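Comments concern the structure below.
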Amino acid sequence: MAKVTAGRDLLGDFAPKFAELNDDVLFGQVWSRDKEFAPRDRSIVTVTALITGGNFEQLPFHLSKAKENSVTKDEIVEIITQLAFYVGWPKAWSAFNIAKEIYKD
């Protein structure tokens, strides 16, 4: 996995410790634990958590990462459809609108 610097790039001057934790711990240590949990599965869990929490600002990045990690369009459609019944129809609609853009090709 490529080194993530989004925390430092976007928040480094404003919230340096948070940026460090984002880049070095979350993405540097947790996401890199491929033997413990495959990146594909980690992406599915993360996308599910973001949709469940209604955290749509981070969803485009993580849907793109899921696509890179071999989560197919059909699988994303099934994940969001399943979630609709447990976390709410409006959240599913919002997620579908974002997923449609990420998986348009």
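By convention in this document, the chains of the structure tokens carry letters A, B, ... by their order, each chain's residues are numbered from 1, and ligands are numbered from 1 in the order they are shown.
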### Task
Could you give me, as a PyMOL selection string, each residue of region 2-104 of chain A that DSSP assigns to helix (DSSP H, G or I) when run on this structure's backbone?
chain A and resi 6-11+16-30+39-53+59-68+73-87+89-102
For the selection just defined, write its residues with C-alpha atoms to a file, as a CSV table (one decimal), in the first residue's frame.
chain,number,residue,atom,x,y,z
A,6,ALA,CA,-3.7,12.9,3.5
A,7,GLY,CA,-3.6,13.8,7.2
A,8,ARG,CA,-0.5,15.8,6.9
A,9,ASP,CA,-1.5,17.3,3.6
A,10,LEU,CA,-4.9,18.4,4.7
A,11,LEU,CA,-4.6,18.9,8.5
A,16,PRO,CA,-0.6,17.8,13.6
A,17,LYS,CA,-1.2,15.0,16.1
A,18,PHE,CA,-4.4,13.9,14.4
A,19,ALA,CA,-2.6,14.0,11.1
A,20,GLU,CA,0.2,11.9,12.4
A,21,LEU,CA,-2.3,9.3,13.9
A,22,ASN,CA,-4.2,9.2,10.6
A,23,ASP,CA,-1.1,8.7,8.4
A,24,ASP,CA,1.2,6.7,10.6
A,25,VAL,CA,-1.1,4.6,12.8
A,26,LEU,CA,-4.4,4.1,10.9
A,27,PHE,CA,-3.0,3.9,7.4
A,28,GLY,CA,0.6,3.1,8.3
A,29,GLN,CA,0.1,0.4,10.9
A,30,VAL,CA,-3.5,-0.8,10.8
A,39,PRO,CA,-7.1,-5.3,2.3
A,40,ARG,CA,-10.3,-6.3,0.4
A,41,ASP,CA,-12.1,-7.3,3.6
A,42,ARG,CA,-10.8,-4.2,5.4
A,43,SER,CA,-12.3,-2.1,2.6
A,44,ILE,CA,-15.6,-3.8,2.9
A,45,VAL,CA,-15.7,-3.3,6.6
A,46,THR,CA,-14.7,0.3,6.3
A,47,VAL,CA,-17.2,1.2,3.6
A,48,THR,CA,-19.9,-0.5,5.6
A,49,ALA,CA,-19.0,1.4,8.7
A,50,LEU,CA,-18.9,4.7,6.9
A,51,ILE,CA,-22.4,4.1,5.3
A,52,THR,CA,-23.8,3.0,8.7
A,53,GLY,CA,-22.6,6.1,10.4
A,59,LEU,CA,-16.9,7.5,1.3
A,60,PRO,CA,-15.5,8.4,-2.1
A,61,PHE,CA,-11.9,7.8,-1.0
A,62,HIS,CA,-12.8,4.4,0.6
A,63,LEU,CA,-15.0,3.3,-2.3
A,64,SER,CA,-12.1,4.0,-4.6
A,65,LYS,CA,-9.8,2.1,-2.3
A,66,ALA,CA,-12.3,-0.8,-2.2
A,67,LYS,CA,-12.4,-0.8,-6.0
A,68,GLU,CA,-8.5,-0.9,-6.0
A,73,LYS,CA,-19.4,-3.1,-8.6
A,74,ASP,CA,-21.8,-6.0,-8.1
A,75,GLU,CA,-20.5,-6.6,-4.6
A,76,ILE,CA,-20.8,-2.9,-3.7
A,77,VAL,CA,-24.4,-2.9,-5.0
A,78,GLU,CA,-25.2,-5.9,-2.8
A,79,ILE,CA,-23.4,-4.4,0.2
A,80,ILE,CA,-25.4,-1.2,0.0
A,81,THR,CA,-28.7,-3.0,-0.8
A,82,GLN,CA,-28.2,-5.2,2.3
A,83,LEU,CA,-27.3,-2.2,4.4
A,84,ALA,CA,-30.4,-0.3,3.3
A,85,PHE,CA,-32.6,-2.6,5.4
A,86,TYR,CA,-30.5,-2.2,8.5
A,87,VAL,CA,-29.2,1.4,8.5
A,89,TRP,CA,-33.0,3.9,2.9
A,90,PRO,CA,-31.7,7.5,2.8
A,91,LYS,CA,-28.2,6.3,3.7
A,92,ALA,CA,-28.4,3.7,0.9
A,93,TRP,CA,-29.5,6.3,-1.6
A,94,SER,CA,-26.6,8.6,-0.6
A,95,ALA,CA,-24.1,5.7,-0.8
A,96,PHE,CA,-25.5,4.6,-4.2
A,97,ASN,CA,-25.0,8.1,-5.6
A,98,ILE,CA,-21.4,8.1,-4.6
A,99,ALA,CA,-20.7,4.5,-5.6
A,100,LYS,CA,-22.3,5.1,-9.1
A,101,GLU,CA,-19.6,7.7,-9.7
A,102,ILE,CA,-16.7,5.6,-8.4
### Task
To one decimal in Å, tell me the separation between CA of Ala38 (chain A) and CA of Ser70 (chain A).
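CA of Ala38 (chain A) sits 10.9 Å away from CA of Ser70 (chain A).
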### Query
To one decimal place, how far is CA of Thr72 (chain A) from CA of Lys104 (chain A) in Å?
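Value for the CA of Thr72 (chain A)-CA of Lys104 (chain A) distance: 11.5 Å.
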